[in-house]
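Have a look at protein.txt; it's compact mmCIF, C-alpha atoms:
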```txt
# COMPACT_ATOMS: atom_id res chain seq x y z
CA MET U 1 53.59 48.51 45.67
CA ALA U 2 51.25 47.96 48.62
CA ILE U 3 49.53 44.56 48.49
CA ASP U 4 46.18 43.95 50.18
CA LEU U 5 45.52 40.28 50.95
CA GLY U 6 42.28 41.08 52.74
CA ILE U 7 38.87 40.44 51.26
CA THR U 8 35.25 40.91 52.29
CA VAL U 9 32.95 38.03 51.41
CA ASN U 10 29.22 38.17 52.18
CA GLY U 11 29.93 40.93 54.66
CA MET U 12 32.63 38.92 56.47
CA ARG U 13 36.04 40.61 56.48
CA PHE U 14 38.95 38.18 56.12
CA GLU U 15 42.39 39.60 56.95
CA ASN U 16 43.69 37.14 54.39
CA PRO U 17 41.85 34.57 52.24
CA PHE U 18 43.36 31.48 53.86
CA VAL U 19 40.87 29.53 55.96
CA LEU U 20 41.45 26.31 57.87
CA GLY U 21 38.85 23.88 56.58
CA SER U 22 36.43 21.83 58.61
CA GLY U 23 38.04 18.66 59.96
CA PRO U 24 40.72 17.64 62.47
CA PRO U 25 42.45 21.09 62.31
CA GLY U 26 39.39 22.65 63.96
CA THR U 27 38.43 19.99 66.42
CA ASN U 28 38.21 22.26 69.51
CA ALA U 29 38.66 25.84 70.73
CA ARG U 30 42.30 25.36 71.68
CA VAL U 31 43.48 24.40 68.20
CA ILE U 32 41.24 27.01 66.57
CA ALA U 33 42.84 29.68 68.78
CA LYS U 34 46.27 28.41 67.77
CA SER U 35 45.39 28.81 64.09
CA TYR U 36 44.23 32.39 64.67
CA ASP U 37 47.42 33.27 66.54
CA LEU U 38 49.50 31.90 63.66
CA GLY U 39 47.72 34.19 61.21
CA TRP U 40 44.98 32.22 59.45
CA GLY U 41 42.31 34.58 58.15
CA GLY U 42 39.42 32.35 59.15
CA MET U 43 38.40 28.98 60.48
CA VAL U 44 35.59 26.53 59.75
CA CYS U 45 35.14 24.38 62.84
CA LYS U 46 34.75 20.62 62.64
CA THR U 47 31.17 19.75 61.70
CA ILE U 48 28.81 19.64 64.66
CA SER U 49 25.33 18.18 65.15
CA LEU U 50 22.73 18.26 67.90
CA ASP U 51 23.28 14.72 69.18
CA ALA U 52 26.96 13.77 69.35
CA SER U 53 26.12 10.46 71.04
CA LYS U 54 25.20 9.06 67.62
CA VAL U 55 28.72 9.80 66.32
CA VAL U 56 31.12 6.93 67.03
CA ASN U 57 34.53 6.97 65.33
CA THR U 58 36.83 4.01 64.72
CA SER U 59 40.59 3.59 64.90
CA PRO U 60 42.47 3.54 62.62
CA ARG U 61 40.55 5.88 60.35
CA TYR U 62 43.21 7.24 57.97
CA ALA U 63 45.07 5.81 54.99
CA LYS U 64 47.78 7.42 52.84
CA LEU U 65 48.67 7.10 49.17
CA LYS U 66 52.38 7.77 48.57
CA SER U 67 54.34 8.47 45.41
CA ARG U 68 56.51 5.60 44.17
CA ASP U 69 59.77 7.53 44.01
CA LYS U 70 60.00 9.84 47.02
CA GLY U 71 57.33 8.36 49.26
CA GLU U 72 55.54 11.70 49.47
CA VAL U 73 51.90 11.64 50.56
CA VAL U 74 49.90 12.62 47.47
CA GLY U 75 46.52 11.26 48.56
CA PHE U 76 44.84 10.88 51.93
CA GLU U 77 41.72 8.91 52.81
CA ASN U 78 39.71 9.24 55.99
CA ILE U 79 36.67 7.47 57.39
CA GLU U 80 36.39 9.96 60.24
CA LEU U 81 32.91 11.18 61.12
CA ILE U 82 31.78 14.61 62.24
CA SER U 83 32.58 15.86 65.75
CA ASP U 84 31.79 13.48 68.58
CA ARG U 85 32.09 16.25 71.19
CA PRO U 86 28.86 17.31 72.98
CA PHE U 87 26.86 20.08 71.32
CA GLU U 88 26.72 22.15 74.52
CA VAL U 89 30.52 22.07 74.79
CA TRP U 90 30.77 23.40 71.25
CA LEU U 91 28.36 26.23 72.02
CA ASP U 92 30.48 27.32 74.98
CA GLU U 93 33.70 27.16 72.97
CA LEU U 94 32.30 29.10 70.01
CA ARG U 95 31.15 31.86 72.39
CA GLN U 96 34.56 31.88 74.02
CA LEU U 97 36.38 32.19 70.69
CA LYS U 98 34.24 35.09 69.50
CA LYS U 99 34.68 36.87 72.83
CA GLN U 100 38.45 36.44 72.61
CA TYR U 101 39.01 37.33 68.95
CA GLY U 102 35.97 39.42 68.05
CA SER U 103 35.89 40.53 64.44
CA SER U 104 39.65 40.19 63.90
CA ARG U 105 39.25 36.57 62.81
CA VAL U 106 36.34 34.95 60.97
CA LEU U 107 34.70 31.95 62.65
CA ILE U 108 32.37 29.81 60.54
CA ALA U 109 30.36 26.99 62.09
CA SER U 110 30.06 23.82 60.05
CA VAL U 111 26.75 22.13 60.84
CA MET U 112 25.02 18.94 59.72
CA GLU U 113 21.66 17.54 60.67
CA GLU U 114 19.11 14.91 59.78
CA TYR U 115 16.40 15.47 57.19
CA ARG U 116 14.07 17.28 59.59
CA ARG U 117 13.13 20.94 59.36
CA GLU U 118 12.86 21.32 63.13
CA ALA U 119 16.38 19.88 63.64
CA TRP U 120 17.92 22.34 61.17
CA HIS U 121 16.00 25.22 62.74
CA GLU U 122 17.20 24.30 66.21
CA ILE U 123 20.88 23.92 65.35
CA ILE U 124 20.96 27.15 63.35
CA LYS U 125 19.21 29.19 66.04
CA ARG U 126 21.33 27.89 68.90
CA VAL U 127 24.70 28.14 67.13
CA GLN U 128 23.82 31.58 65.79
CA GLU U 129 23.43 32.86 69.36
CA THR U 130 27.14 32.22 70.03
CA GLY U 131 28.12 35.08 67.72
CA VAL U 132 29.75 33.06 64.93
CA ASP U 133 30.21 34.96 61.68
CA GLY U 134 28.66 32.47 59.30
CA PHE U 135 27.51 28.92 58.63
CA GLU U 136 28.81 26.21 56.35
CA LEU U 137 26.18 23.54 55.74
CA ASN U 138 27.84 20.14 55.44
CA LEU U 139 25.74 18.63 52.66
CA SER U 140 28.62 16.55 51.37
CA CYS U 141 30.39 14.25 53.85
CA PRO U 142 30.84 11.12 51.68
CA HIS U 143 30.80 8.47 54.40
CA GLY U 144 29.04 7.68 57.65
CA LEU U 145 25.43 8.27 58.68
CA PRO U 146 23.85 7.87 55.21
CA GLU U 147 20.95 6.03 56.83
CA ARG U 148 20.08 9.34 58.52
CA LYS U 149 20.08 11.16 55.14
CA MET U 150 23.02 13.28 56.25
CA GLY U 151 25.97 14.62 54.27
CA MET U 152 26.39 13.43 50.70
CA ALA U 153 23.08 11.57 50.83
CA MET U 154 21.52 15.02 51.02
CA GLY U 155 23.91 17.01 48.85
CA GLU U 156 23.82 14.77 45.79
CA ASP U 157 20.09 15.44 45.38
CA PRO U 158 19.34 19.01 44.19
CA GLY U 159 15.78 18.67 45.47
CA LEU U 160 16.94 17.92 49.01
CA VAL U 161 19.59 20.65 48.82
CA CYS U 162 16.92 23.14 47.82
CA GLU U 163 14.68 22.10 50.68
CA VAL U 164 17.33 22.04 53.41
CA VAL U 165 18.94 25.34 52.44
CA GLY U 166 15.45 26.83 52.41
CA TRP U 167 14.85 25.61 55.96
CA VAL U 168 18.13 27.13 57.11
CA LYS U 169 17.47 30.49 55.49
CA GLU U 170 14.13 30.71 57.28
CA VAL U 171 16.02 31.32 60.55
CA ALA U 172 19.62 32.24 59.66
CA LYS U 173 20.56 35.87 60.17
CA ILE U 174 24.19 35.48 59.13
CA PRO U 175 25.80 34.30 55.85
CA VAL U 176 25.23 30.69 54.81
CA TRP U 177 27.62 28.70 52.61
CA ALA U 178 26.59 25.31 51.22
CA LYS U 179 29.44 22.80 51.07
CA MET U 180 29.07 20.68 47.97
CA THR U 181 29.98 17.09 47.16
CA PRO U 182 32.26 16.22 44.23
CA ASN U 183 30.58 12.83 43.97
CA VAL U 184 28.15 13.95 41.28
CA GLY U 185 28.33 14.15 37.49
CA ASP U 186 27.23 17.79 37.25
CA PRO U 187 28.56 20.01 40.06
CA VAL U 188 26.48 22.96 38.91
CA ALA U 189 23.07 21.37 39.56
CA PRO U 190 23.23 21.04 43.38
CA ALA U 191 25.08 24.35 43.67
CA ARG U 192 22.35 26.05 41.66
CA ALA U 193 19.71 24.51 43.94
CA ALA U 194 21.51 25.88 47.00
CA LEU U 195 21.84 29.37 45.54
CA GLU U 196 18.24 29.47 44.34
CA SER U 197 17.14 28.63 47.89
CA GLY U 198 19.11 31.55 49.28
CA ALA U 199 22.61 30.27 50.05
CA ASP U 200 25.02 33.21 50.16
CA GLY U 201 27.98 31.20 48.92
CA ILE U 202 29.32 27.81 47.92
CA SER U 203 32.16 25.78 49.45
CA THR U 204 33.65 23.14 47.18
CA ILE U 205 34.88 20.44 47.13
CA ASN U 206 34.40 18.03 49.99
CA THR U 207 36.32 14.77 49.83
CA ILE U 208 35.91 12.20 47.05
CA LEU U 209 34.42 8.81 47.90
CA SER U 210 37.30 6.38 47.49
CA ILE U 211 39.20 3.24 48.40
CA CYS U 212 42.79 4.22 49.12
CA GLY U 213 44.23 0.75 48.60
CA ILE U 214 44.50 -2.90 49.60
CA ASP U 215 47.15 -4.35 51.89
CA LEU U 216 48.74 -7.02 49.70
CA GLN U 217 49.93 -9.00 52.72
CA THR U 218 46.55 -9.31 54.43
CA LEU U 219 44.36 -8.69 51.35
CA ARG U 220 42.30 -6.31 53.47
CA PRO U 221 41.20 -2.79 52.41
CA LEU U 222 42.74 0.28 54.04
CA PRO U 223 42.21 1.64 56.61
CA THR U 224 41.52 -1.73 58.21
CA VAL U 225 39.29 -1.89 61.29
CA GLU U 226 39.09 -5.41 62.72
CA GLY U 227 39.81 -6.72 59.24
CA TYR U 228 37.17 -4.65 57.47
CA SER U 229 36.77 -1.18 55.99
CA VAL U 230 34.38 1.15 54.13
CA PRO U 231 34.95 3.61 51.28
CA GLY U 232 36.07 6.95 52.68
CA GLY U 233 36.80 10.54 51.75
CA TYR U 234 39.84 11.18 49.55
CA SER U 235 41.80 14.44 49.81
CA GLY U 236 45.34 15.76 49.30
CA GLN U 237 47.33 16.90 46.28
CA ALA U 238 45.84 14.29 43.97
CA VAL U 239 42.33 15.77 44.11
CA ARG U 240 43.33 19.33 43.18
CA PRO U 241 42.61 19.03 39.42
CA ILE U 242 39.11 17.79 40.21
CA ALA U 243 38.53 20.57 42.72
CA LEU U 244 39.69 23.21 40.24
CA ARG U 245 37.24 21.93 37.67
CA HIS U 246 34.33 22.12 40.13
CA VAL U 247 35.22 25.68 41.14
CA MET U 248 35.50 26.70 37.49
CA GLU U 249 32.16 25.15 36.51
CA ILE U 250 30.28 26.79 39.37
CA ALA U 251 31.98 30.17 38.89
CA ARG U 252 31.14 30.23 35.18
CA ALA U 253 27.54 29.21 35.81
CA HIS U 254 27.08 31.80 38.58
CA PRO U 255 29.28 34.86 37.94
CA GLY U 256 30.12 36.79 41.08
CA VAL U 257 28.98 34.12 43.52
CA ALA U 258 31.09 33.75 46.67
CA ILE U 259 33.08 30.51 46.37
CA SER U 260 35.35 29.04 49.01
CA GLY U 261 37.57 26.63 47.12
CA MET U 262 39.38 23.65 48.57
CA GLY U 263 40.97 20.37 47.58
CA GLY U 264 44.71 19.63 47.53
CA ILE U 265 45.98 23.08 48.53
CA GLU U 266 49.42 22.89 50.12
CA THR U 267 51.25 25.90 48.63
CA GLY U 268 50.54 29.47 47.66
CA ALA U 269 50.75 28.49 44.00
CA ASP U 270 48.02 25.90 44.57
CA ALA U 271 45.81 28.56 46.16
CA VAL U 272 46.38 31.12 43.39
CA GLN U 273 44.92 28.70 40.85
CA PHE U 274 41.66 28.59 42.83
CA PHE U 275 41.50 32.39 42.95
CA LEU U 276 42.11 32.63 39.21
CA LEU U 277 39.16 30.30 38.65
CA GLY U 278 36.73 32.31 40.76
CA ALA U 279 37.26 31.44 44.44
CA SER U 280 37.35 34.37 46.84
CA THR U 281 38.70 32.34 49.77
CA VAL U 282 40.44 28.98 49.98
CA GLN U 283 40.30 26.33 52.66
CA VAL U 284 43.18 24.10 53.73
CA CYS U 285 42.67 20.94 55.75
CA THR U 286 44.78 17.94 54.71
CA GLY U 287 47.68 20.24 53.79
CA ALA U 288 47.72 21.65 57.32
CA MET U 289 47.49 18.15 58.80
CA LEU U 290 50.49 16.98 56.79
CA ARG U 291 52.63 20.12 56.90
CA GLY U 292 51.50 21.83 60.09
CA TYR U 293 49.43 24.91 60.83
CA GLU U 294 52.58 27.01 60.41
CA ILE U 295 52.31 26.79 56.62
CA ILE U 296 50.11 29.89 56.78
CA ALA U 297 53.22 32.11 56.74
CA GLU U 298 54.39 30.45 53.52
CA LEU U 299 50.93 30.64 51.94
CA LYS U 300 50.65 34.37 52.58
CA ALA U 301 54.20 35.06 51.39
CA ASP U 302 53.68 33.06 48.18
CA LEU U 303 50.41 34.83 47.38
CA GLU U 304 51.93 38.24 48.02
CA LYS U 305 54.93 37.46 45.79
CA PHE U 306 52.65 36.33 42.98
CA MET U 307 50.63 39.53 43.22
CA VAL U 308 53.74 41.71 43.25
CA ASP U 309 55.27 39.87 40.29
CA ARG U 310 52.06 40.18 38.26
CA ARG U 311 51.27 43.70 39.49
CA PHE U 312 47.99 42.87 41.21
CA GLU U 313 47.30 45.23 44.11
CA ARG U 314 44.15 43.60 45.49
CA LEU U 315 42.96 40.04 45.70
CA THR U 316 39.81 41.03 43.83
CA ASP U 317 42.04 41.76 40.82
CA VAL U 318 43.07 38.09 40.73
CA ILE U 319 39.68 36.42 41.23
CA GLY U 320 38.30 34.88 38.07
CA LYS U 321 41.10 36.16 35.85
CA SER U 322 41.48 32.81 34.06
CA LEU U 323 37.78 32.04 33.60
CA PRO U 324 37.45 33.67 30.13
CA PHE U 325 39.94 31.21 28.71
CA PHE U 326 37.66 28.17 28.98
CA SER U 327 35.58 27.29 25.96
CA THR U 328 34.26 24.25 24.05
CA HIS U 329 36.19 21.65 22.11
CA MET U 330 34.70 22.81 18.79
CA ASP U 331 35.74 26.36 19.57
CA LEU U 332 39.30 25.15 20.21
CA VAL U 333 39.31 23.40 16.82
CA ALA U 334 38.09 26.58 15.10
CA ARG U 335 40.63 28.75 16.90
CA GLN U 336 43.47 26.43 15.96
CA ALA U 337 42.40 26.36 12.31
CA GLN U 338 42.20 30.16 12.28
CA ALA U 339 45.63 30.46 13.90
CA LYS U 340 47.15 28.19 11.22
CA ALA U 341 45.47 30.18 8.47
CA ASP U 342 46.71 33.46 9.95
CA LEU U 343 50.25 32.09 10.23
CA LYS U 344 50.22 30.89 6.63
CA ALA U 345 49.00 34.28 5.45
CA THR U 346 51.67 36.06 7.48
CA ARG U 347 54.43 33.90 6.04
CA ALA U 348 53.16 34.34 2.54
CA ALA U 349 53.04 38.11 2.97
CA ALA U 350 56.58 38.10 4.35
CA GLY U 351 57.85 35.85 1.57
CA THR U 352 59.09 33.12 3.91
CA ASN U 353 58.67 29.35 3.96
CA LYS U 354 57.54 27.28 6.92
CA ASP U 355 61.06 27.32 8.39
CA GLY U 356 61.21 31.10 8.23
CA GLU U 357 63.62 31.17 5.25
CA THR U 358 63.05 33.63 2.37
CA TRP U 359 61.41 32.12 -0.68
CA LYS U 360 63.88 31.88 -3.59
CA GLY U 361 61.23 31.81 -6.28
CA ASP U 362 57.71 32.88 -6.96
CA ILE U 363 55.24 31.67 -4.30
CA ALA U 364 52.89 30.25 -6.89
CA THR U 365 55.74 28.36 -8.62
CA GLU U 366 56.97 26.90 -5.34
CA THR U 367 53.44 25.82 -4.42
CA GLY U 368 53.02 24.18 -7.79
CA ALA U 369 56.35 22.38 -7.49
CA LEU U 370 55.37 21.03 -4.11
CA SER U 371 52.07 19.76 -5.44
CA THR U 372 53.71 17.77 -8.26
CA ASN U 373 56.25 15.95 -6.06
```
Kindly present the structure from the file in structure tokens form.
Amino acid sequence: MAIDLGITVNGMRFENPFVLGSGPPGTNARVIAKSYDLGWGGMVCKTISLDASKVVNTSPRYAKLKSRDKGEVVGFENIELISDRPFEVWLDELRQLKKQYGSSRVLIASVMEEYRREAWHEIIKRVQETGVDGFELNLSCPHGLPERKMGMAMGEDPGLVCEVVGWVKEVAKIPVWAKMTPNVGDPVAPARAALESGADGISTINTILSICGIDLQTLRPLPTVEGYSVPGGYSGQAVRPIALRHVMEIARAHPGVAISGMGGIETGADAVQFFLLGASTVQVCTGAMLRGYEIIAELKADLEKFMVDRRFERLTDVIGKSLPFFSTHMDLVARQAQAKADLKATRAAAGTNKDGETWKGDIATETGALSTN
């Protein structure tokens, strides 16, 4: 059976649905080219802004949460900001990448700006001229630059999301995805605001605002910079259940919407769960940092094996397949009660007791005997 891992999303043709997510894996043209050569279907570059001089990173800026038994990294916190490389350098490199790879690989520009219409217009217009295939609006970075109303400070407010996406769509001529924050109670509300303002798709989730831990020798929070720290963005395997829930909620609220799912994906089996809940592409960032860009071969092989085993020929056959099986708690109670009633009726009709043994006497007599004991 021929398996097609390719998918077209918002007019962008992905050779396969595995995309390297915005962050350290896409920090410059050289590493982006490496990811393409290894077989990744697409790439979201590290978030860029107009004035990189305002972006100053610290060191160290990462912290790891490890399992108690094997010491495996299950959670990863970062306090890294968006790209600190000059905007003009990024424009040159994006042009270079599109010239080199053309339409064979999808290149999505992650952009973030201050709460100013003219700033969003400028960055969209100038980046668009490089030939990139689409935009991902970073409305969700959980740390750094909140005083400039950037990232999560914007994305947690549906009103601001609506306004900013509207500004972008005034000048964007290519697909626009809004990247959502998980640091909200209702993930559907900001996603709805983005879609109502014209966003073509949703990327979810960004990292979760967190404190990875405290060094019990120094009593200082991690990562420690000159003895101090700030809450940062949490990613890795441990966030996957939360990410799956967000994808499911948005997919159910907006059937057919293009969703790029991410959060804790390290294996093909992880990715399949996102597809089953409505994602049409998946992004990998921390997983690639921990396991290497070469995991793309394993991801593709695992997805293909799953599709062969379950007799799915196209990725579109997989997307959303598990969504109908979510309901409400009261519905679960009713279904369970009905299942018990059906089972009791079946056993009674077959003349068997609860252990599957044939009744030795009349059903009514046995029931009466049980009731008098």
Between CA of Val132 in chain U and CA of Lys98 in chain U, distance in Å (one decimal):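 Value for the CA of Val132 in chain U-CA of Lys98 in chain U distance: 6.7 Å.
In this structure, CA of Ile259 in chain U sits 20.2 Å away from CA of Pro142 in chain U.
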Two-atom distance - CA of Ala191 in chain U, CA of Ala238 in chain U (Å): 23.1 Å
May I have the residues at most 6 Å from (26.9, 18.0, 45.6) in the file's coordinates, counting all atoms listed in the file, as a short mmCIF file (atom, residue, chain, number, x, y, z; two decimals) with C-alpha atoms, in the frame of the given file?
```cif
data_model
loop_
_atom_site.label_atom_id
_atom_site.label_comp_id
_atom_site.auth_asym_id
_atom_site.auth_seq_id
_atom_site.Cartn_x
_atom_site.Cartn_y
_atom_site.Cartn_z
CA GLY U 155 23.91 17.01 48.85
CA GLU U 156 23.82 14.77 45.79
CA MET U 180 29.07 20.68 47.97
CA THR U 181 29.98 17.09 47.16
CA PRO U 182 32.26 16.22 44.23
CA PRO U 190 23.23 21.04 43.38
#
```
Nearest candidate to Ile108 in chain U (options U:Leu50, U:Val127, U:Cys285, U:Leu65; using only C-alpha atoms):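 Looking at the shortest contact to Ile108 in chain U, the residue is U:Val127.
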Neighbour list for range 62-64 of chain U as a list in words, cut-off 6 Å, only C-alpha atoms, skip fewer than 4 positions in-chain: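 Listed by chain and then number, they are Gly75, Phe76, Glu77, Asn78 and Pro223 of chain U.
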Selection export as an mmCIF file, keeping the file's coordinate frame, atoms kept: C-alpha atoms:
```cif
data_model
loop_
_atom_site.group_PDB
_atom_site.id
_atom_site.type_symbol
_atom_site.label_atom_id
_atom_site.label_comp_id
_atom_site.auth_asym_id
_atom_site.auth_seq_id
_atom_site.Cartn_x
_atom_site.Cartn_y
_atom_site.Cartn_z
ATOM 1 C CA GLY U 75 46.520 11.260 48.560
ATOM 2 C CA PHE U 76 44.840 10.880 51.930
ATOM 3 C CA GLU U 77 41.720 8.910 52.810
ATOM 4 C CA ASN U 78 39.710 9.240 55.990
ATOM 5 C CA PRO U 223 42.210 1.640 56.610
#
```
Neighbours of point (38.6, 32.4, 59.8) within 12 Å, using only C-alpha atoms, written as a PyMOL selection string: chain U and resi 6-9+12-22+26+32-45+97-98+101-109+132-135+260+281-284
Residue contacts of range 287-292 of chain U (8 Å, only C-alpha atoms) excluding same-chain residues fewer than 5 positions away, as a PyMOL selection string: chain U and resi 20+24-25+236+264-266
Shell around range 81-92 of chain U at 6 Å using all atoms listed in the file, local window under 4 positions removed, as a list in words: Thr47, Ile48, Leu50, Ala52 and Val55 of chain U
For range 202-209 of chain U: contacts at 10 Å, all atoms listed in the file, fewer than 6 positions along chain excluded, given as a PyMOL selection string: chain U and resi 21-22+76-79+136-143+152+176-184+187+191-192+194-195+230-236+239-240+242-247+250-251+257-264+279+281-283
U:Ala199, U:Ala2, U:Leu94, U:Ile124 ranked by distance to Ala29 in chain U, top pick (using all atoms listed in the file): U:Leu94
Within 9 Å of range 314-328 of chain U using all atoms listed in the file, minus same-chain residues under 2 positions, as an NGL selection string: :U and (2-7 or 17 or 248 or 251-252 or 256 or 272-280 or 307 or 312 or 330-333)
Using all atoms of range 268-279 of chain U that appear in the file, construct an axis-aligned enclosing box with 8 Å of padding on every side and provide its centre coordinates and edge lengths in Å, rounded to one decimal, as AutoDock Vina command-line options.
```
--center_x 43.7 --center_y 29.3 --center_z 43.2 --size_x 30.0 --size_y 22.7 --size_z 25.0
```
